[in-house]
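Quick look at target-v4.cif (mmCIF, C-alpha atoms):
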```cif
data_target
#
loop_
_atom_site.label_atom_id
_atom_site.label_comp_id
_atom_site.auth_asym_id
_atom_site.auth_seq_id
_atom_site.Cartn_x
_atom_site.Cartn_y
_atom_site.Cartn_z
CA MET K 1 16.48 -21.24 -47.93
CA THR K 2 14.78 -20.80 -51.27
CA THR K 3 16.72 -20.79 -54.54
CA SER K 4 16.02 -17.09 -55.10
CA LYS K 5 17.38 -16.37 -51.62
CA SER K 6 20.60 -18.19 -52.40
CA GLU K 7 20.93 -16.28 -55.63
CA GLU K 8 20.52 -13.02 -53.70
CA GLN K 9 23.24 -14.11 -51.32
CA LEU K 10 25.57 -14.97 -54.18
CA ALA K 11 24.94 -11.56 -55.68
CA ALA K 12 25.55 -9.95 -52.30
CA GLU K 13 28.84 -11.77 -51.91
CA ALA K 14 29.85 -10.60 -55.37
CA ASP K 15 29.03 -7.04 -54.31
CA VAL K 16 31.23 -7.47 -51.25
CA ASP K 17 34.12 -8.46 -53.51
CA SER K 18 33.38 -5.34 -55.55
CA PHE K 19 33.44 -3.26 -52.35
CA ARG K 20 36.85 -4.63 -51.48
CA ARG K 21 38.18 -3.66 -54.87
CA GLU K 22 36.62 -0.19 -55.00
CA LEU K 23 36.55 0.77 -51.31
CA GLY K 24 39.19 -1.63 -50.06
CA PRO K 25 40.58 0.23 -47.01
CA PHE K 26 37.11 1.38 -45.94
CA VAL K 27 35.63 -2.13 -46.10
CA VAL K 28 38.61 -3.59 -44.24
CA ALA K 29 38.17 -0.96 -41.54
CA ALA K 30 34.44 -1.71 -41.36
CA GLU K 31 35.18 -5.40 -40.93
CA GLN K 32 37.56 -4.78 -38.07
CA THR K 33 35.79 -2.06 -36.11
CA ARG K 34 33.91 -2.90 -32.91
CA MET K 35 30.88 -0.89 -34.08
CA ALA K 36 28.17 -2.97 -35.76
CA MET K 37 27.94 -1.99 -39.45
CA VAL K 38 26.17 -3.07 -42.63
CA PHE K 39 25.95 -1.98 -46.25
CA ALA K 40 22.52 -1.87 -47.92
CA ASP K 41 21.76 -1.90 -51.63
CA ALA K 42 20.17 1.44 -52.56
CA ARG K 43 18.99 0.04 -55.88
CA GLU K 44 16.39 -2.12 -54.12
CA THR K 45 13.30 -0.71 -52.42
CA THR K 46 13.88 -2.97 -49.43
CA ASN K 47 17.52 -1.80 -49.12
CA SER K 48 18.65 -5.41 -48.78
CA ILE K 49 21.84 -6.06 -46.85
CA ILE K 50 24.90 -6.79 -48.99
CA PHE K 51 27.60 -6.58 -46.32
CA ALA K 52 27.72 -7.08 -42.54
CA ASN K 53 30.79 -6.89 -40.34
CA GLU K 54 31.67 -9.24 -37.48
CA SER K 55 30.44 -6.80 -34.84
CA PHE K 56 26.98 -6.74 -36.40
CA LEU K 57 26.91 -10.54 -36.50
CA ALA K 58 27.94 -10.67 -32.82
CA LEU K 59 25.25 -8.11 -31.90
CA SER K 60 22.46 -9.85 -33.82
CA GLY K 61 23.48 -13.47 -33.21
CA TYR K 62 23.14 -14.36 -36.91
CA GLU K 63 25.65 -16.00 -39.24
CA ARG K 64 26.81 -14.02 -42.24
CA ASP K 65 24.95 -16.18 -44.76
CA GLU K 66 21.75 -15.62 -42.76
CA VAL K 67 22.11 -11.83 -43.03
CA LEU K 68 23.21 -11.24 -46.60
CA GLY K 69 20.22 -10.70 -48.87
CA GLN K 70 17.85 -9.91 -46.01
CA THR K 71 15.76 -6.75 -46.11
CA PHE K 72 17.27 -3.93 -44.08
CA ASN K 73 14.52 -4.03 -41.46
CA PHE K 74 14.51 -7.78 -40.92
CA LEU K 75 15.84 -7.37 -37.35
CA MET K 76 13.04 -5.10 -36.16
CA ALA K 77 11.36 -6.41 -33.02
CA HIS K 78 7.97 -5.36 -34.37
CA ALA K 79 7.92 -5.35 -38.15
CA SER K 80 4.62 -3.44 -38.26
CA ASP K 81 5.76 -0.63 -35.98
CA ALA K 82 4.70 2.29 -38.16
CA GLU K 83 6.48 4.89 -36.03
CA ALA K 84 9.79 3.01 -36.13
CA LEU K 85 9.47 2.41 -39.88
CA SER K 86 8.84 6.11 -40.42
CA LYS K 87 11.94 7.01 -38.41
CA ILE K 88 14.10 4.59 -40.38
CA GLU K 89 12.74 5.93 -43.69
CA ALA K 90 13.56 9.47 -42.58
CA GLU K 91 17.07 8.35 -41.71
CA PHE K 92 17.51 6.85 -45.19
CA GLU K 93 16.29 10.11 -46.72
CA ALA K 94 18.77 12.05 -44.59
CA GLN K 95 15.91 13.90 -42.90
CA SER K 96 16.99 12.96 -39.40
CA GLY K 97 20.70 13.63 -39.11
CA ASN K 98 20.74 12.66 -35.44
CA GLY K 99 20.17 8.94 -35.75
CA VAL K 100 17.14 7.05 -34.47
CA GLU K 101 16.57 4.61 -31.64
CA ILE K 102 15.03 1.32 -32.77
CA ARG K 103 14.16 -1.85 -30.90
CA TYR K 104 15.52 -4.97 -32.60
CA ARG K 105 15.33 -8.73 -32.03
CA ARG K 106 18.31 -11.09 -32.05
CA LYS K 107 18.27 -14.54 -33.55
CA ASP K 108 17.67 -16.09 -30.12
CA GLY K 109 14.54 -13.95 -29.66
CA SER K 110 16.00 -11.52 -27.13
CA GLU K 111 15.41 -7.84 -27.81
CA PHE K 112 17.85 -4.95 -27.78
CA TRP K 113 17.82 -1.23 -28.49
CA ALA K 114 20.21 0.35 -30.96
CA ALA K 115 20.88 3.83 -32.24
CA LEU K 116 20.82 3.66 -36.04
CA PHE K 117 22.88 6.00 -38.21
CA ILE K 118 22.63 5.83 -42.02
CA SER K 119 24.87 7.52 -44.57
CA PRO K 120 24.65 7.30 -48.40
CA VAL K 121 27.48 5.94 -50.56
CA ARG K 122 27.57 7.69 -53.94
CA ASP K 123 29.17 6.77 -57.26
CA GLU K 124 31.27 9.12 -59.35
CA GLY K 125 28.13 10.67 -60.83
CA GLY K 126 26.71 11.44 -57.39
CA ALA K 127 24.00 8.80 -57.47
CA ILE K 128 23.37 6.84 -54.27
CA VAL K 129 24.34 3.22 -54.86
CA GLN K 130 24.61 1.91 -51.34
CA TYR K 131 23.80 2.92 -47.80
CA PHE K 132 26.25 2.57 -44.97
CA ALA K 133 24.53 1.93 -41.61
CA SER K 134 25.99 1.67 -38.13
CA PHE K 135 24.30 0.38 -34.99
CA VAL K 136 25.19 1.51 -31.46
CA ASP K 137 23.93 -0.91 -28.82
CA LEU K 138 21.79 1.03 -26.34
CA THR K 139 20.55 -1.95 -24.34
CA ARG K 140 22.46 -1.11 -21.15
CA HIS K 141 21.54 2.56 -21.49
CA LYS K 142 17.85 1.67 -21.87
CA GLU K 143 18.00 -0.68 -18.90
CA GLU K 144 19.60 2.02 -16.77
CA GLU K 145 17.02 4.52 -18.02
CA ALA K 146 14.19 2.17 -17.09
CA HIS K 147 15.81 1.53 -13.72
CA SER K 148 16.09 5.28 -13.14
CA ARG K 149 12.41 5.76 -13.96
CA MET K 150 11.53 2.96 -11.56
CA LEU K 151 13.65 4.58 -8.84
CA ILE K 152 12.02 7.96 -9.43
CA ASN K 153 8.56 6.41 -9.24
CA GLU K 154 9.54 4.55 -6.09
CA LEU K 155 10.96 7.75 -4.63
CA ASN K 156 7.75 9.63 -5.40
CA HIS K 157 5.75 6.87 -3.75
CA ARG K 158 8.08 6.84 -0.76
CA VAL K 159 7.93 10.62 -0.34
CA LYS K 160 4.12 10.56 -0.44
CA ASN K 161 4.03 7.83 2.21
CA THR K 162 6.53 9.70 4.35
CA LEU K 163 4.61 12.95 4.10
CA SER K 164 1.43 11.08 5.04
CA THR K 165 3.20 9.64 8.09
CA VAL K 166 4.58 13.05 9.08
CA GLN K 167 1.12 14.58 8.68
CA SER K 168 -0.33 11.92 10.95
CA ILE K 169 2.40 12.46 13.56
CA VAL K 170 1.86 16.22 13.63
CA TRP K 171 -1.94 15.95 13.67
CA GLN K 172 -1.95 13.43 16.51
CA ALA K 173 0.56 15.49 18.54
CA LEU K 174 -1.61 18.59 18.18
CA ARG K 175 -4.70 16.60 19.06
CA THR K 176 -3.36 15.02 22.26
CA ALA K 177 -1.34 17.91 23.73
CA THR K 178 -1.76 21.64 24.29
CA ASP K 179 1.62 22.57 25.75
CA PRO K 180 3.89 23.84 22.91
CA LYS K 181 6.96 22.21 24.47
CA ALA K 182 5.20 18.84 24.76
CA ILE K 183 3.96 19.11 21.20
CA ARG K 184 7.45 19.90 19.90
CA GLU K 185 9.05 17.05 21.84
CA ALA K 186 6.42 14.57 20.65
CA ILE K 187 6.87 15.56 17.02
CA GLU K 188 10.67 15.66 17.17
CA SER K 189 10.91 12.26 18.85
CA ARG K 190 8.71 10.56 16.26
CA LEU K 191 10.34 12.29 13.30
CA HIS K 192 13.73 11.24 14.63
CA ALA K 193 12.51 7.63 14.81
CA LEU K 194 11.18 7.90 11.26
CA SER K 195 14.51 9.34 10.12
CA ARG K 196 16.48 6.50 11.73
CA SER K 197 14.28 3.93 10.01
CA HIS K 198 14.82 5.70 6.69
CA ASP K 199 18.58 5.63 7.21
CA MET K 200 18.49 1.92 7.97
CA LEU K 201 16.46 1.15 4.86
CA THR K 202 18.74 3.33 2.75
CA ARG K 203 21.68 1.18 3.85
CA GLN K 204 19.70 -1.79 2.57
CA ASN K 205 18.89 -0.03 -0.74
CA TRP K 206 15.22 0.03 0.32
CA GLN K 207 14.86 -3.65 -0.51
CA SER K 208 13.95 -4.95 2.94
CA ALA K 209 15.00 -4.81 6.58
CA GLY K 210 15.50 -7.55 9.14
CA LEU K 211 13.28 -7.54 12.22
CA LEU K 212 16.31 -7.88 14.51
CA ASP K 213 17.91 -4.89 12.79
CA VAL K 214 14.69 -2.86 13.12
CA VAL K 215 14.48 -3.56 16.87
CA ASN K 216 18.15 -2.79 17.53
CA ASP K 217 18.04 0.38 15.47
CA ALA K 218 14.87 1.66 17.17
CA LEU K 219 16.17 0.95 20.70
CA GLU K 220 19.72 2.20 20.22
CA PRO K 221 18.96 5.82 21.34
CA PHE K 222 17.30 4.48 24.50
CA ALA K 223 20.00 1.98 25.38
CA VAL K 224 22.99 4.35 25.58
CA THR K 225 22.21 5.78 29.04
CA ASP K 226 21.77 4.40 32.58
CA GLY K 227 22.99 0.95 31.63
CA ARG K 228 19.76 0.20 29.78
CA LYS K 229 21.51 -1.90 27.16
CA ASP K 230 22.15 -4.60 29.75
CA ARG K 231 18.46 -4.53 30.68
CA ILE K 232 17.22 -5.39 27.20
CA VAL K 233 16.97 -9.02 26.03
CA ILE K 234 16.13 -9.72 22.39
CA ASN K 235 15.47 -13.20 21.00
CA GLY K 236 14.47 -13.94 17.41
CA ASP K 237 15.68 -14.52 13.86
CA ASN K 238 16.37 -11.61 11.54
CA ILE K 239 13.21 -12.13 9.47
CA GLN K 240 13.06 -9.76 6.51
CA PHE K 241 10.23 -7.26 6.11
CA PRO K 242 9.36 -4.96 3.20
CA PRO K 243 10.19 -1.25 3.69
CA LYS K 244 6.67 -0.07 4.53
CA ALA K 245 6.23 -2.66 7.28
CA ALA K 246 9.77 -2.03 8.59
CA LEU K 247 9.00 1.70 8.95
CA ALA K 248 5.81 0.97 10.84
CA LEU K 249 7.62 -1.44 13.18
CA GLY K 250 10.45 1.04 13.76
CA ILE K 251 8.01 3.77 14.83
CA ALA K 252 6.09 1.29 17.01
CA PHE K 253 9.21 0.20 18.88
CA ASN K 254 10.15 3.83 19.36
CA GLU K 255 6.72 4.46 20.92
CA LEU K 256 7.04 1.46 23.23
CA ALA K 257 10.54 2.50 24.32
CA THR K 258 9.44 6.11 24.86
CA ASN K 259 6.57 4.90 27.04
CA ALA K 260 8.99 2.68 28.96
CA VAL K 261 11.23 5.70 29.69
CA LYS K 262 8.31 7.83 30.88
CA TYR K 263 6.23 5.34 32.81
CA GLY K 264 7.55 1.82 32.50
CA ALA K 265 10.61 -0.39 32.82
CA PHE K 266 13.08 2.33 31.84
CA SER K 267 11.71 4.92 34.28
CA ASP K 268 13.84 3.52 37.10
CA GLY K 269 17.09 1.62 37.43
CA MET K 270 15.58 -1.80 37.97
CA GLY K 271 13.21 -2.53 35.10
CA SER K 272 14.03 -4.67 32.11
CA ILE K 273 12.48 -5.46 28.74
CA LEU K 274 12.19 -8.81 26.98
CA ILE K 275 11.54 -8.75 23.25
CA GLN K 276 11.09 -12.08 21.51
CA TRP K 277 9.29 -13.55 18.56
CA ARG K 278 8.55 -16.93 17.07
CA LEU K 279 6.82 -18.44 14.05
CA GLU K 280 3.59 -20.37 14.37
CA PRO K 281 1.70 -22.33 11.71
CA ALA K 282 -1.83 -21.14 10.97
CA PRO K 283 -4.54 -22.13 8.46
CA GLU K 284 -4.09 -18.83 6.61
CA GLY K 285 -0.30 -19.16 6.52
CA GLU K 286 2.64 -18.86 8.87
CA GLN K 287 2.21 -16.22 11.57
CA LEU K 288 4.78 -14.28 13.56
CA ILE K 289 4.06 -13.81 17.27
CA LEU K 290 6.06 -10.94 18.77
CA LEU K 291 6.11 -10.16 22.48
CA TRP K 292 7.30 -6.95 24.15
CA GLN K 293 7.32 -7.61 27.90
CA GLU K 294 8.37 -5.15 30.60
CA GLN K 295 9.14 -6.36 34.11
CA HIS K 296 10.70 -5.37 37.46
CA GLY K 297 9.79 -1.73 36.92
CA PRO K 298 7.26 0.43 38.77
CA ALA K 299 3.70 -0.79 39.09
CA VAL K 300 1.69 -0.14 35.96
CA MET K 301 -1.77 1.37 35.90
CA HIS K 302 -4.18 1.19 32.98
CA PRO K 303 -4.28 4.67 31.39
CA SER K 304 -7.51 6.62 31.70
CA ARG K 305 -7.39 7.40 27.98
CA LYS K 306 -5.44 6.23 24.97
CA GLY K 307 -2.75 8.55 23.69
CA PHE K 308 -1.33 8.81 20.19
CA GLY K 309 1.30 6.14 20.86
CA SER K 310 -1.11 3.45 22.03
CA ARG K 311 -3.59 4.21 19.23
CA MET K 312 -0.83 4.13 16.65
CA ILE K 313 0.43 0.76 17.94
CA GLU K 314 -2.91 -0.99 18.39
CA ASN K 315 -4.66 0.44 15.33
CA GLY K 316 -2.12 1.83 12.87
CA LEU K 317 0.48 -0.93 13.25
CA ALA K 318 -2.16 -3.64 13.14
CA GLN K 319 -3.55 -2.22 9.91
CA GLU K 320 -0.09 -1.83 8.38
CA LEU K 321 0.91 -5.42 9.19
CA GLU K 322 -2.55 -6.84 8.47
CA GLY K 323 -2.56 -8.48 11.87
CA GLN K 324 -3.47 -7.95 15.51
CA VAL K 325 -1.77 -5.87 18.21
CA HIS K 326 -2.79 -5.84 21.87
CA LEU K 327 -1.49 -3.75 24.78
CA ASP K 328 -1.91 -5.38 28.21
CA TYR K 329 -1.25 -3.01 31.12
CA ARG K 330 -0.34 -5.60 33.73
CA PRO K 331 0.67 -4.33 37.21
CA GLU K 332 4.08 -6.01 36.90
CA GLY K 333 4.76 -4.43 33.50
CA LEU K 334 3.33 -3.57 30.08
CA VAL K 335 3.01 -6.45 27.62
CA CYS K 336 2.51 -5.79 23.91
CA THR K 337 1.59 -8.80 21.78
CA MET K 338 1.72 -8.61 18.00
CA ARG K 339 0.44 -11.30 15.66
CA PHE K 340 0.72 -10.90 11.91
CA PRO K 341 1.51 -12.82 8.69
CA VAL K 342 5.16 -13.48 7.87
CA PRO K 343 6.38 -11.95 4.58
CA GLU K 344 6.55 -14.59 1.86
CA ASP K 345 9.81 -13.57 0.15
CA ASP K 346 12.38 -13.98 2.89
CA ARG K 347 11.37 -15.54 6.16
CA ASN K 348 14.74 -16.18 7.73
CA GLY K 349 16.93 -13.30 6.59
#
```
Encoded form using structure tokens:
Amino acid sequence: MTTSKSEEQLAAEADVDSFRRELGPFVVAAEQTRMAMVFADARETTNSIIFANESFLALSGYERDEVLGQTFNFLMAHASDAEALSKIEAEFEAQSGNGVEIRYRRKDGSEFWAALFISPVRDEGGAIVQYFASFVDLTRHKEEEAHSRMLINELNHRVKNTLSTVQSIVWQALRTATDPKAIREAIESRLHALSRSHDMLTRQNWQSAGLLDVVNDALEPFAVTDGRKDRIVINGDNIQFPPKAALALGIAFNELATNAVKYGAFSDGMGSILIQWRLEPAPEGEQLILLWQEQHGPAVMHPSRKGFGSRMIENGLAQELEGQVHLDYRPEGLVCTMRFPVPEDDRNG
């Protein structure tokens, strides 16, 4: 430190001794309170700090001798922030009255938000001789506020995606059917599948969903009757997928299971379904190969036209997963093969 700085600190320490003599109980209370507090010298244009309690030192990370003599705004994260400087000046001039929120920087470089409240200390003649300032740490509040904004933005994005999916479901149902009952059943079935996927992701805080969980959740409504649960074999690790991909997979498995109930392995008491997946290396990155294979059910015929379900699986799912999906209508049972990149974040759940 420079010599002048040391002299300022000595003067500040002398002022603290004067505080203890003149405002003894108040200074003692300020030293012991858990609220960060400082005194500033009103006789200087920079309102230099002449007293700081332990709570302020703990909040800022500075030692006492590093604080005394500093200008009042030395902690500001951005010293040239004109808006913040204006707010602080208004607080000094008692034009605010409600405190101001300022972003500060600790000694270690980390930033924090604090609500600043400033009150004048007057002498017997009414002149302002010091300022008493308290700082309320708002860091956690600001973090929660930012988190809330992020959640709201994510919710808005999620709602838009969901409405887009619902719109597609309704439009495709109206396009491929004319019977009101068939249209209603098609829409209800797919909305129910979408709802189940949403519930599953909500349980995971919309972070991700495991492929094994997605398959089990999508097939649960179909496995509760006619002993179908014993006719389903699932093999594969619980590889994690982001929410958007998990929703697409959930709807796709619902479509495959619905088709199996109407025409395939679940349309009689003999058919079974094998669902398995594996990882394969590829030049563009690791790929997941997923196989849905129906067998021992009624003979399968290639449909004369593609319905909403098959178009959604082969086109929509492929686009969503940035991969390839193929439906093979073999006489012994439908086979759906999916090939797509594995998510980078969590490959093995």
(request) Considering only C-alpha atoms, state which residue in the set K:Leu317, K:Leu68, K:Ala127, K:Leu191 is at the smallest distance from K:Arg43. (result) K:Ala127
(request) Determine the residue membership of the PyMOL selection byres ((chain K and resi 244-252) around 10) for the file above and supply it as a PyMOL selection string. (result) chain K and resi 158+161-162+165+189-198+200-201+206+208-211+213-219+240-243+253-258+309-310+312-314+316-322+343
(message) As a check of understanding, name the residues that the PyMOL selection byres ((chain K and resi 59) around 8) selects in the supplied structure, as JSON, numbers by chain.
(response) {"K": [36, 55, 56, 57, 58, 60, 61, 106, 137]}
(request) Rank K:Val121, K:Met150, K:Val100, K:Phe72 by their smallest atom-to-atom distance to K:Leu138, using only C-alpha atoms, and report the top residue only. (result) K:Val100
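The spacing separating atom CA of K:Pro331 from atom CA of K:Gly271 amounts to 12.8 Å.
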Report, as lines of an AutoDock Vina configuration file, the centre and edge lengths in Å (one decimal) of the axis-aligned box enclosing every listed atom of stretch 195-206 of chain K, padded by 5 Å on each side.
```
center_x = 18.0
center_y = 3.8
center_z = 5.5
size_x = 17.4
size_y = 21.1
size_z = 22.5
```
